[in-house]
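Printed here is target.cif (mmCIF, C-alpha atoms and all ligand atoms):
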data_target
#
loop_
_atom_site.label_atom_id
_atom_site.label_comp_id
_atom_site.auth_asym_id
_atom_site.auth_seq_id
_atom_site.Cartn_x
_atom_site.Cartn_y
_atom_site.Cartn_z
CA MET A 1 -18.23 -18.49 14.77
CA ILE A 2 -15.38 -17.62 17.10
CA PHE A 3 -13.56 -20.77 16.06
CA ARG A 4 -14.04 -19.95 12.41
CA LEU A 5 -12.74 -16.43 12.87
CA PHE A 6 -9.73 -17.63 14.83
CA GLY A 7 -9.05 -20.29 12.22
CA ASN A 8 -9.10 -17.76 9.43
CA VAL A 9 -6.77 -15.35 11.19
CA SER A 10 -4.22 -18.00 12.07
CA GLN A 11 -4.24 -19.18 8.47
CA ARG A 12 -3.69 -15.65 7.24
CA VAL A 13 -0.83 -14.76 9.57
CA PRO A 14 2.08 -16.25 7.61
CA SER A 15 0.96 -14.90 4.26
CA PHE A 16 0.27 -11.50 5.77
CA LEU A 17 3.74 -11.28 7.31
CA TYR A 18 5.28 -12.55 4.13
CA ARG A 19 3.53 -9.85 2.13
CA VAL A 20 4.55 -7.11 4.57
CA SER A 21 8.14 -8.24 4.23
CA LEU A 22 7.83 -7.91 0.46
CA MET A 23 6.40 -4.44 0.72
CA MET A 24 8.95 -2.73 2.96
CA LYS A 25 8.65 0.99 2.54
CA PRO A 26 11.87 2.37 1.04
CA GLN A 27 14.09 4.00 3.67
CA VAL A 28 16.01 6.93 2.25
CA VAL A 29 19.08 8.87 3.31
CA PHE A 30 19.67 12.00 1.24
CA VAL A 31 23.38 12.67 0.75
CA LEU A 32 24.20 16.33 0.19
CA GLY A 33 27.23 18.58 0.03
CA GLY A 34 29.04 20.77 -2.49
CA PRO A 35 30.49 19.48 -5.75
CA GLY A 36 33.52 17.37 -4.89
CA ALA A 37 32.62 17.15 -1.19
CA GLY A 38 33.07 13.38 -1.48
CA LYS A 39 29.48 12.20 -1.65
CA GLY A 40 30.12 9.55 -4.29
CA THR A 41 33.31 8.26 -2.64
CA GLN A 42 31.71 7.96 0.78
CA CYS A 43 28.56 6.37 -0.66
CA SER A 44 30.74 3.64 -2.21
CA ASN A 45 32.31 3.06 1.21
CA ILE A 46 28.89 2.87 2.83
CA VAL A 47 27.62 0.35 0.27
CA GLU A 48 30.61 -1.91 1.04
CA ASN A 49 29.87 -1.90 4.76
CA TYR A 50 26.11 -1.46 5.13
CA SER A 51 23.02 -2.70 3.34
CA TYR A 52 22.33 0.39 1.28
CA THR A 53 21.86 0.89 -2.45
CA HIS A 54 23.58 3.97 -3.82
CA LEU A 55 21.65 6.08 -6.32
CA SER A 56 23.43 9.18 -7.58
CA ALA A 57 21.00 11.63 -9.19
CA GLY A 58 23.88 13.07 -11.23
CA GLU A 59 24.94 9.61 -12.48
CA LEU A 60 21.35 8.74 -13.41
CA LEU A 61 21.08 12.01 -15.35
CA ARG A 62 24.40 11.40 -17.12
CA ALA A 63 23.25 7.89 -18.08
CA GLU A 64 19.96 9.25 -19.43
CA GLN A 65 21.86 11.93 -21.33
CA ALA A 66 23.99 9.24 -22.99
CA ARG A 67 21.07 6.90 -23.73
CA ASP A 68 20.32 6.45 -27.43
CA GLY A 69 16.94 7.90 -28.26
CA SER A 70 16.58 9.94 -25.07
CA GLU A 71 14.29 12.90 -25.65
CA VAL A 72 15.83 14.86 -22.80
CA GLY A 73 19.51 14.06 -23.42
CA TYR A 74 20.36 17.42 -24.94
CA LEU A 75 18.50 19.33 -22.23
CA ILE A 76 20.35 17.42 -19.52
CA SER A 77 23.74 18.04 -21.13
CA THR A 78 23.18 21.82 -21.28
CA TYR A 79 21.95 21.99 -17.68
CA ILE A 80 24.90 19.98 -16.37
CA LYS A 81 27.50 22.05 -18.20
CA GLU A 82 25.89 25.25 -16.89
CA GLY A 83 25.76 23.88 -13.34
CA LYS A 84 21.99 24.34 -13.36
CA ILE A 85 19.49 21.96 -11.85
CA VAL A 86 17.51 19.83 -14.27
CA PRO A 87 13.68 20.10 -13.98
CA VAL A 88 12.59 17.65 -11.31
CA GLU A 89 10.11 15.77 -13.51
CA ILE A 90 13.10 14.23 -15.28
CA THR A 91 15.16 13.47 -12.17
CA ILE A 92 12.32 12.10 -10.06
CA ASN A 93 11.28 9.68 -12.81
CA LEU A 94 14.83 8.34 -13.01
CA LEU A 95 15.09 7.99 -9.23
CA LYS A 96 11.67 6.36 -8.89
CA LYS A 97 12.43 3.89 -11.67
CA ALA A 98 15.82 3.01 -10.17
CA MET A 99 14.27 2.45 -6.74
CA GLU A 100 11.47 0.30 -8.14
CA GLU A 101 13.84 -1.78 -10.23
CA THR A 102 16.14 -2.35 -7.25
CA MET A 103 13.28 -3.49 -5.03
CA GLN A 104 11.73 -5.66 -7.73
CA LYS A 105 15.02 -7.51 -8.19
CA ASP A 106 15.55 -7.99 -4.47
CA GLU A 107 12.86 -7.12 -1.96
CA LYS A 108 15.44 -6.90 0.83
CA LYS A 109 17.03 -3.88 -0.88
CA PHE A 110 14.82 -1.16 0.47
CA ARG A 111 17.50 1.14 1.95
CA PHE A 112 18.71 3.85 -0.37
CA LEU A 113 21.39 6.51 -0.35
CA ILE A 114 20.13 9.20 -2.68
CA ASP A 115 23.22 11.19 -3.57
CA GLY A 116 23.04 14.77 -4.87
CA PHE A 117 19.29 15.24 -4.43
CA PRO A 118 17.19 17.26 -3.51
CA ARG A 119 19.27 20.22 -4.70
CA ASN A 120 16.65 22.97 -4.78
CA GLU A 121 13.01 23.79 -3.99
CA ASP A 122 11.80 22.37 -7.29
CA ASN A 123 13.53 19.05 -6.45
CA LEU A 124 12.02 18.97 -2.99
CA GLU A 125 8.52 19.75 -4.28
CA GLY A 126 8.87 17.01 -6.89
CA TRP A 127 9.98 14.53 -4.24
CA ASN A 128 7.10 15.48 -1.94
CA LYS A 129 4.59 15.17 -4.76
CA VAL A 130 5.74 11.84 -6.14
CA MET A 131 7.63 10.02 -3.38
CA ASP A 132 6.73 11.43 0.02
CA SER A 133 3.95 8.91 0.65
CA LYS A 134 5.97 6.06 -0.89
CA ALA A 135 9.26 6.39 1.02
CA ASP A 136 10.57 7.55 4.40
CA VAL A 137 13.39 10.07 4.52
CA LYS A 138 15.38 9.05 7.59
CA PHE A 139 17.90 11.88 7.59
CA VAL A 140 20.27 13.96 5.49
CA LEU A 141 23.95 13.11 5.50
CA PHE A 142 25.65 16.44 4.90
CA PHE A 143 29.26 16.50 3.73
CA ASP A 144 30.39 19.96 4.72
CA CYS A 145 33.41 21.30 2.88
CA SER A 146 34.77 24.74 1.98
CA ASN A 147 34.26 25.99 -1.57
CA GLU A 148 38.01 26.15 -2.10
CA VAL A 149 38.48 22.47 -1.24
CA CYS A 150 35.47 21.53 -3.40
CA VAL A 151 36.82 23.38 -6.41
CA SER A 152 40.36 22.02 -6.13
CA ARG A 153 39.10 18.44 -5.74
CA CYS A 154 36.86 18.77 -8.82
CA LEU A 155 39.67 20.29 -10.88
CA GLU A 156 41.89 17.38 -9.87
CA ARG A 157 39.09 14.92 -10.72
CA GLY A 158 38.55 16.76 -14.03
CA LYS A 159 41.95 15.57 -15.27
CA ASN A 160 40.48 12.08 -15.71
CA SER A 161 36.75 12.19 -15.07
CA GLY A 162 35.74 13.11 -18.61
CA ARG A 163 32.95 15.17 -17.05
CA THR A 164 31.88 18.28 -18.92
CA ASP A 165 31.41 20.18 -15.66
CA ASP A 166 34.71 19.55 -13.84
CA ASN A 167 36.29 22.73 -15.20
CA ARG A 168 36.75 26.14 -13.61
CA GLU A 169 33.95 27.85 -15.56
CA SER A 170 31.28 25.21 -14.79
CA LEU A 171 32.52 24.88 -11.22
CA GLU A 172 31.97 28.56 -10.46
CA LYS A 173 28.36 28.11 -11.55
CA ARG A 174 27.95 24.84 -9.64
CA ILE A 175 29.22 26.47 -6.45
CA GLN A 176 26.76 29.36 -6.87
CA THR A 177 23.91 26.90 -7.45
CA TYR A 178 24.99 24.96 -4.37
CA LEU A 179 25.14 28.07 -2.17
CA HIS A 180 21.92 29.65 -3.38
CA SER A 181 19.73 26.62 -4.03
CA THR A 182 21.01 23.59 -2.13
CA ARG A 183 22.12 25.13 1.17
CA PRO A 184 18.58 26.38 1.89
CA ILE A 185 17.29 22.82 1.46
CA ILE A 186 19.87 21.57 3.96
CA GLU A 187 18.80 24.39 6.35
CA LEU A 188 15.20 23.31 5.97
CA TYR A 189 15.99 19.73 7.00
CA ALA A 190 18.22 21.06 9.80
CA LYS A 191 15.20 22.85 11.27
CA LEU A 192 13.45 19.47 11.35
CA GLY A 193 16.43 18.00 13.23
CA LYS A 194 17.20 15.73 10.29
CA VAL A 195 20.72 16.77 9.29
CA ARG A 196 23.84 14.83 10.28
CA THR A 197 26.83 17.01 9.43
CA ILE A 198 30.30 15.67 8.70
CA ASP A 199 33.48 17.72 8.22
CA ALA A 200 34.32 16.55 4.71
CA SER A 201 37.53 18.51 4.23
CA ARG A 202 39.61 15.69 5.78
CA SER A 203 40.96 12.46 4.29
CA VAL A 204 38.59 9.78 2.95
CA ASP A 205 39.34 7.48 5.90
CA GLU A 206 38.84 10.15 8.54
CA VAL A 207 35.55 11.19 6.99
CA PHE A 208 34.38 7.59 6.72
CA ALA A 209 35.14 6.99 10.40
CA ASP A 210 32.60 9.72 11.21
CA VAL A 211 30.12 8.33 8.68
CA LYS A 212 30.32 4.96 10.43
CA VAL A 213 29.58 6.50 13.83
CA ILE A 214 26.42 8.05 12.41
CA LEU A 215 25.23 4.98 10.53
CA ASP A 216 25.94 2.65 13.44
CA LYS A 217 23.75 4.86 15.58
CA GLU A 218 20.98 5.51 13.07
CA GLY A 219 20.86 2.06 11.50
N1 LIG A 301 21.99 17.46 -11.37
C1 LIG A 301 20.69 17.92 -11.40
N2 LIG A 301 19.79 17.40 -10.51
C2 LIG A 301 20.14 16.48 -9.58
C3 LIG A 301 21.47 16.02 -9.54
C4 LIG A 301 22.38 16.53 -10.46
O1 LIG A 301 20.32 18.76 -12.22
O2 LIG A 301 19.26 16.06 -8.81
C5 LIG A 301 22.94 17.99 -12.36
C6 LIG A 301 23.45 19.39 -11.99
O3 LIG A 301 23.64 20.11 -13.17
C7 LIG A 301 24.77 19.09 -11.29
C8 LIG A 301 25.28 17.92 -12.14
O4 LIG A 301 24.10 17.17 -12.44
O5 LIG A 301 25.65 20.19 -11.28
C9 LIG A 301 26.33 17.03 -11.49
O6 LIG A 301 25.80 16.47 -10.32
P1 LIG A 301 26.65 15.41 -9.45
O7 LIG A 301 25.82 15.12 -8.24
O8 LIG A 301 27.07 14.31 -10.30
O9 LIG A 301 27.93 16.25 -9.06
P2 LIG A 301 28.74 16.20 -7.71
O10 LIG A 301 28.01 17.13 -6.79
O11 LIG A 301 28.71 14.78 -7.22
O12 LIG A 301 30.12 16.65 -8.05
MG MG A 302 28.84 12.85 -7.26
#

Written form, structure tokens:
Amino acid sequence: MIFRLFGNVSQRVPSFLYRVSLMMKPQVVFVLGGPGAGKGTQCSNIVENYSYTHLSAGELLRAEQARDGSEVGYLISTYIKEGKIVPVEITINLLKKAMEETMQKDEKKFRFLIDGFPRNEDNLEGWNKVMDSKADVKFVLFFDCSNEVCVSRCLERGKNSGRTDDNRESLEKRIQTYLHSTRPIIELYAKLGKVRTIDASRSVDEVFADVKVILDKEG
């Protein structure tokens, strides 16, 4: 009996470990900061140097907006132009799908930078409802930058970005949304000791040097 039990366990060990390795729970870093704080730029730098996959909620929404046959394309376009936050049901589905597709293609890709999300209470509730049990939020990388710097960077970017929201009128609304809806979410994570703040008003290289210190420490 004992021998049989032992035999079974030892036979199961490799396949068990193999399956665990296939089922790594996604590890998530939320990347937050005002419009133009440099989230996308720094995420690209991180991807080049660390094993993270970058998912920008804004980019996923823009891609869905542009997709032929999308039933929510028009809704997304009006929300983005107005600097409002799209209902989370839409965003969370896009994020979940992107995470699943990434992990299905390569099971070693289970570390994610989720850029520009969660932006308000609705976003956070949606995440908690759909993803909280499926993924671990390690910490929030917060790119802290004055509103003036944010606005001038976005206006500069607007010369070539082709984005409908990189103009003064949309930016005023985006800044208000950021201050009233997103900052409280960052505060909430700060109370849990989960925010790593970086002074994002400096040059790309200076900011990235600080990002590296944090990631080297946190893994
Ligand atoms: N957006 C949203 N939900 C999200 C992320 C983005 O509704 O989770 C919308 C929102 O209208 C926002 C716009 O997409 O103002 C642009 O977001 P993005 O993150 O691309 O802008 P950034 O902050 O990087 O300049
Ligand atoms: Mg961005």

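If one restricts the calculation to all atoms listed in the file, the set of residues situated within 6 Å of ligand LIG 301 (chain A) consists of Gly34, Pro35, Gly36, Ala57, Gly58, Glu59, Tyr79, Ile80, Gly83, Lys84, Ile85, Val86, Thr91, Gly116, Phe117, Pro118, Arg119 and Arg174 of chain A.
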
Review point. Residues at most 12 Å from region 143-149 of chain A, counting only C-alpha atoms, excluding those fewer than 2 positions away in the same chain, as number ranges by chain?
Key: A: 30-43, 115-116, 140-141, 151-156, 168, 171-179, 183, 186, 195-204, 207-208, 210-211

Saved selection, atoms kept: C-alpha atoms, as a PDB file, in the coordinates of the input:
ATOM      1  CA  PHE A  30      19.670  12.000   1.240  1.00  0.00           C
ATOM      2  CA  VAL A  31      23.380  12.670   0.750  1.00  0.00           C
ATOM      3  CA  LEU A  32      24.200  16.330   0.190  1.00  0.00           C
ATOM      4  CA  GLY A  33      27.230  18.580   0.030  1.00  0.00           C
ATOM      5  CA  GLY A  34      29.040  20.770  -2.490  1.00  0.00           C
ATOM      6  CA  PRO A  35      30.490  19.480  -5.750  1.00  0.00           C
ATOM      7  CA  GLY A  36      33.520  17.370  -4.890  1.00  0.00           C
ATOM      8  CA  ALA A  37      32.620  17.150  -1.190  1.00  0.00           C
ATOM      9  CA  GLY A  38      33.070  13.380  -1.480  1.00  0.00           C
ATOM     10  CA  LYS A  39      29.480  12.200  -1.650  1.00  0.00           C
ATOM     11  CA  GLY A  40      30.120   9.550  -4.290  1.00  0.00           C
ATOM     12  CA  THR A  41      33.310   8.260  -2.640  1.00  0.00           C
ATOM     13  CA  GLN A  42      31.710   7.960   0.780  1.00  0.00           C
ATOM     14  CA  CYS A  43      28.560   6.370  -0.660  1.00  0.00           C
ATOM     15  CA  ASP A 115      23.220  11.190  -3.570  1.00  0.00           C
ATOM     16  CA  GLY A 116      23.040  14.770  -4.870  1.00  0.00           C
ATOM     17  CA  VAL A 140      20.270  13.960   5.490  1.00  0.00           C
ATOM     18  CA  LEU A 141      23.950  13.110   5.500  1.00  0.00           C
ATOM     19  CA  VAL A 151      36.820  23.380  -6.410  1.00  0.00           C
ATOM     20  CA  SER A 152      40.360  22.020  -6.130  1.00  0.00           C
ATOM     21  CA  ARG A 153      39.100  18.440  -5.740  1.00  0.00           C
ATOM     22  CA  CYS A 154      36.860  18.770  -8.820  1.00  0.00           C
ATOM     23  CA  LEU A 155      39.670  20.290 -10.880  1.00  0.00           C
ATOM     24  CA  GLU A 156      41.890  17.380  -9.870  1.00  0.00           C
ATOM     25  CA  ARG A 168      36.750  26.140 -13.610  1.00  0.00           C
ATOM     26  CA  LEU A 171      32.520  24.880 -11.220  1.00  0.00           C
ATOM     27  CA  GLU A 172      31.970  28.560 -10.460  1.00  0.00           C
ATOM     28  CA  LYS A 173      28.360  28.110 -11.550  1.00  0.00           C
ATOM     29  CA  ARG A 174      27.950  24.840  -9.640  1.00  0.00           C
ATOM     30  CA  ILE A 175      29.220  26.470  -6.450  1.00  0.00           C
ATOM     31  CA  GLN A 176      26.760  29.360  -6.870  1.00  0.00           C
ATOM     32  CA  THR A 177      23.910  26.900  -7.450  1.00  0.00           C
ATOM     33  CA  TYR A 178      24.990  24.960  -4.370  1.00  0.00           C
ATOM     34  CA  LEU A 179      25.140  28.070  -2.170  1.00  0.00           C
ATOM     35  CA  ARG A 183      22.120  25.130   1.170  1.00  0.00           C
ATOM     36  CA  ILE A 186      19.870  21.570   3.960  1.00  0.00           C
ATOM     37  CA  VAL A 195      20.720  16.770   9.290  1.00  0.00           C
ATOM     38  CA  ARG A 196      23.840  14.830  10.280  1.00  0.00           C
ATOM     39  CA  THR A 197      26.830  17.010   9.430  1.00  0.00           C
ATOM     40  CA  ILE A 198      30.300  15.670   8.700  1.00  0.00           C
ATOM     41  CA  ASP A 199      33.480  17.720   8.220  1.00  0.00           C
ATOM     42  CA  ALA A 200      34.320  16.550   4.710  1.00  0.00           C
ATOM     43  CA  SER A 201      37.530  18.510   4.230  1.00  0.00           C
ATOM     44  CA  ARG A 202      39.610  15.690   5.780  1.00  0.00           C
ATOM     45  CA  SER A 203      40.960  12.460   4.290  1.00  0.00           C
ATOM     46  CA  VAL A 204      38.590   9.780   2.950  1.00  0.00           C
ATOM     47  CA  VAL A 207      35.550  11.190   6.990  1.00  0.00           C
ATOM     48  CA  PHE A 208      34.380   7.590   6.720  1.00  0.00           C
ATOM     49  CA  ASP A 210      32.600   9.720  11.210  1.00  0.00           C
ATOM     50  CA  VAL A 211      30.120   8.330   8.680  1.00  0.00           C
TER      51      VAL A 211
END

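In this model, the gap between CA of Asn128 (chain A) and CA of Asp165 (chain A) comes to 28.3 Å.
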
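Around the coordinate (22.8, 17.7, -23.7), residues that reach within 12 Å when counting all atoms listed in the file are Leu61, Arg62, Ala63, Glu64, Gln65, Ala66, Arg67, Ser70, Glu71, Val72, Gly73, Tyr74, Leu75, Ile76, Ser77, Thr78, Tyr79, Ile80, Lys81, Glu82, Val86 and Thr164 of chain A.
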
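Minimum distance to ligand MG 302 (chain A) across A:Met131, A:Leu55, A:Glu187, A:Asn160 (counting all atoms listed in the file) occurs at A:Leu55.
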
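The smallest atom-to-atom distance between Val47 (chain A) and any of A:Leu215, A:Lys194, A:Ile90, A:Arg163, using all atoms listed in the file, is found for A:Leu215.
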
Using the file's own x, y and z axes, so that the box edges lie along x, y and z, what centre and edge lengths in Å (one decimal) does a box around every listed atom of region 135-140 of chain A get when 4 Å is added on each side? Give it as AutoDock Vina command-line options.
--center_x 14.8 --center_y 10.2 --center_z 4.3 --size_x 19.0 --size_y 15.6 --size_z 14.6

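The coordinates place CA of Lys138 (chain A) at 14.3 Å from CA of Lys191 (chain A).
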
Practice item. Find the residue from A:Leu113, A:Val88, A:Leu192, A:Leu94 that sits nearest to ligand MG 302 (chain A); use all atoms listed in the file when measuring. Key: A:Leu113

Review point. Nearest to ligand MG 302 (chain A) among A:Cys150, A:Val137, A:Leu124, A:Ile92, with distances taken over only C-alpha atoms and all ligand atoms: which residue is it?
Key: A:Cys150

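With CA of Met99 (chain A) on one side and CA of Leu188 (chain A) on the other, the separation reads 24.4 Å.
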
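Considering the residues A:Ser181, A:Thr53, A:Gln27, A:Ser161 and counting only C-alpha atoms and all ligand atoms, ligand MG 302 (chain A) has its shortest atom-to-atom contact with A:Ser161.
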
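Closest approach to Thr182 (chain A) among A:Trp127, A:Tyr52, A:Phe142, A:Phe112 is made by A:Phe142 (distances from only C-alpha atoms).
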
Region 30-128 of chain A from the block above: C-alpha atoms written as a compact mmCIF listing (two decimals), in the first residue's frame:
# COMPACT_ATOMS: atom_id res chain seq x y z
CA PHE A 30 -0.50 48.81 -12.88
CA VAL A 31 1.14 51.83 -14.50
CA LEU A 32 -0.58 55.12 -13.66
CA GLY A 33 0.03 58.83 -14.04
CA GLY A 34 -1.49 61.81 -15.82
CA PRO A 35 -1.89 62.04 -19.59
CA GLY A 36 1.57 62.48 -21.08
CA ALA A 37 3.35 61.49 -17.86
CA GLY A 38 5.39 59.04 -19.93
CA LYS A 39 3.68 55.76 -19.12
CA GLY A 40 3.86 54.39 -22.66
CA THR A 41 7.47 55.50 -23.22
CA GLN A 42 8.69 54.00 -19.97
CA CYS A 43 6.70 50.78 -20.53
CA SER A 44 8.51 50.34 -23.87
CA ASN A 45 11.83 50.77 -22.04
CA ILE A 46 10.79 48.22 -19.42
CA VAL A 47 9.78 45.67 -22.06
CA GLU A 48 13.23 45.97 -23.67
CA ASN A 49 15.00 45.26 -20.39
CA TYR A 50 12.70 43.02 -18.36
CA SER A 51 10.35 40.13 -19.07
CA TYR A 52 7.11 42.07 -19.07
CA THR A 53 4.33 42.34 -21.63
CA HIS A 54 2.98 45.85 -22.07
CA LEU A 55 -0.78 46.26 -22.34
CA SER A 56 -2.04 49.81 -22.71
CA ALA A 57 -5.75 50.07 -21.91
CA GLY A 58 -5.94 53.19 -24.08
CA GLU A 59 -4.27 51.45 -27.04
CA LEU A 60 -6.59 48.44 -26.70
CA LEU A 61 -9.59 50.78 -26.68
CA ARG A 62 -8.30 52.68 -29.73
CA ALA A 63 -7.78 49.37 -31.58
CA GLU A 64 -11.31 48.24 -30.71
CA GLN A 65 -12.66 51.61 -31.81
CA ALA A 66 -10.96 51.17 -35.20
CA ARG A 67 -12.00 47.52 -35.63
CA ASP A 68 -14.45 46.90 -38.47
CA GLY A 69 -17.77 45.75 -37.11
CA SER A 70 -17.12 46.81 -33.51
CA GLU A 71 -20.39 47.47 -31.73
CA VAL A 72 -18.74 49.79 -29.22
CA GLY A 73 -16.45 51.72 -31.58
CA TYR A 74 -18.56 54.85 -31.66
CA LEU A 75 -19.06 54.84 -27.89
CA ILE A 76 -15.31 54.52 -27.33
CA SER A 77 -14.52 57.36 -29.73
CA THR A 78 -16.89 59.77 -27.95
CA TYR A 79 -15.58 58.85 -24.50
CA ILE A 80 -11.95 59.28 -25.55
CA LYS A 81 -12.51 62.67 -27.16
CA GLU A 82 -14.36 63.85 -24.05
CA GLY A 83 -11.61 62.55 -21.77
CA LYS A 84 -14.17 60.34 -20.03
CA ILE A 85 -13.58 56.81 -18.85
CA VAL A 86 -15.15 54.06 -20.91
CA PRO A 87 -17.46 51.66 -18.99
CA VAL A 88 -15.28 48.96 -17.50
CA GLU A 89 -17.15 46.04 -19.06
CA ILE A 90 -15.58 47.03 -22.38
CA THR A 91 -12.06 47.67 -21.08
CA ILE A 92 -11.85 44.62 -18.84
CA ASN A 93 -12.89 42.30 -21.67
CA LEU A 94 -10.15 43.72 -23.88
CA LEU A 95 -7.53 43.41 -21.13
CA LYS A 96 -8.59 39.88 -20.17
CA LYS A 97 -8.52 38.75 -23.79
CA ALA A 98 -5.09 40.29 -24.38
CA MET A 99 -3.70 38.63 -21.24
CA GLU A 100 -5.16 35.24 -22.17
CA GLU A 101 -3.88 35.44 -25.73
CA THR A 102 -0.40 36.39 -24.54
CA MET A 103 -0.24 33.49 -22.10
CA GLN A 104 -1.69 31.01 -24.57
CA LYS A 105 1.00 31.90 -27.11
CA ASP A 106 3.81 31.67 -24.57
CA GLU A 107 3.21 30.35 -21.07
CA LYS A 108 6.36 32.09 -19.82
CA LYS A 109 4.76 35.48 -20.50
CA PHE A 110 2.81 35.91 -17.31
CA ARG A 111 4.17 39.32 -16.22
CA PHE A 112 2.13 42.27 -17.37
CA LEU A 113 2.41 46.04 -17.28
CA ILE A 114 -1.14 47.31 -17.43
CA ASP A 115 -0.79 50.91 -18.53
CA GLY A 116 -3.51 53.50 -17.91
CA PHE A 117 -5.80 51.29 -15.81
CA PRO A 118 -7.58 51.31 -13.33
CA ARG A 119 -8.53 54.95 -13.82
CA ASN A 120 -11.60 55.22 -11.60
CA GLU A 121 -13.78 53.32 -9.11
CA ASP A 122 -15.77 51.66 -11.88
CA ASN A 123 -12.50 50.33 -13.38
CA LEU A 124 -11.31 49.04 -10.04
CA GLU A 125 -14.64 47.34 -9.28
CA GLY A 126 -14.58 45.71 -12.72
CA TRP A 127 -11.04 44.47 -12.16
CA ASN A 128 -11.91 43.09 -8.72
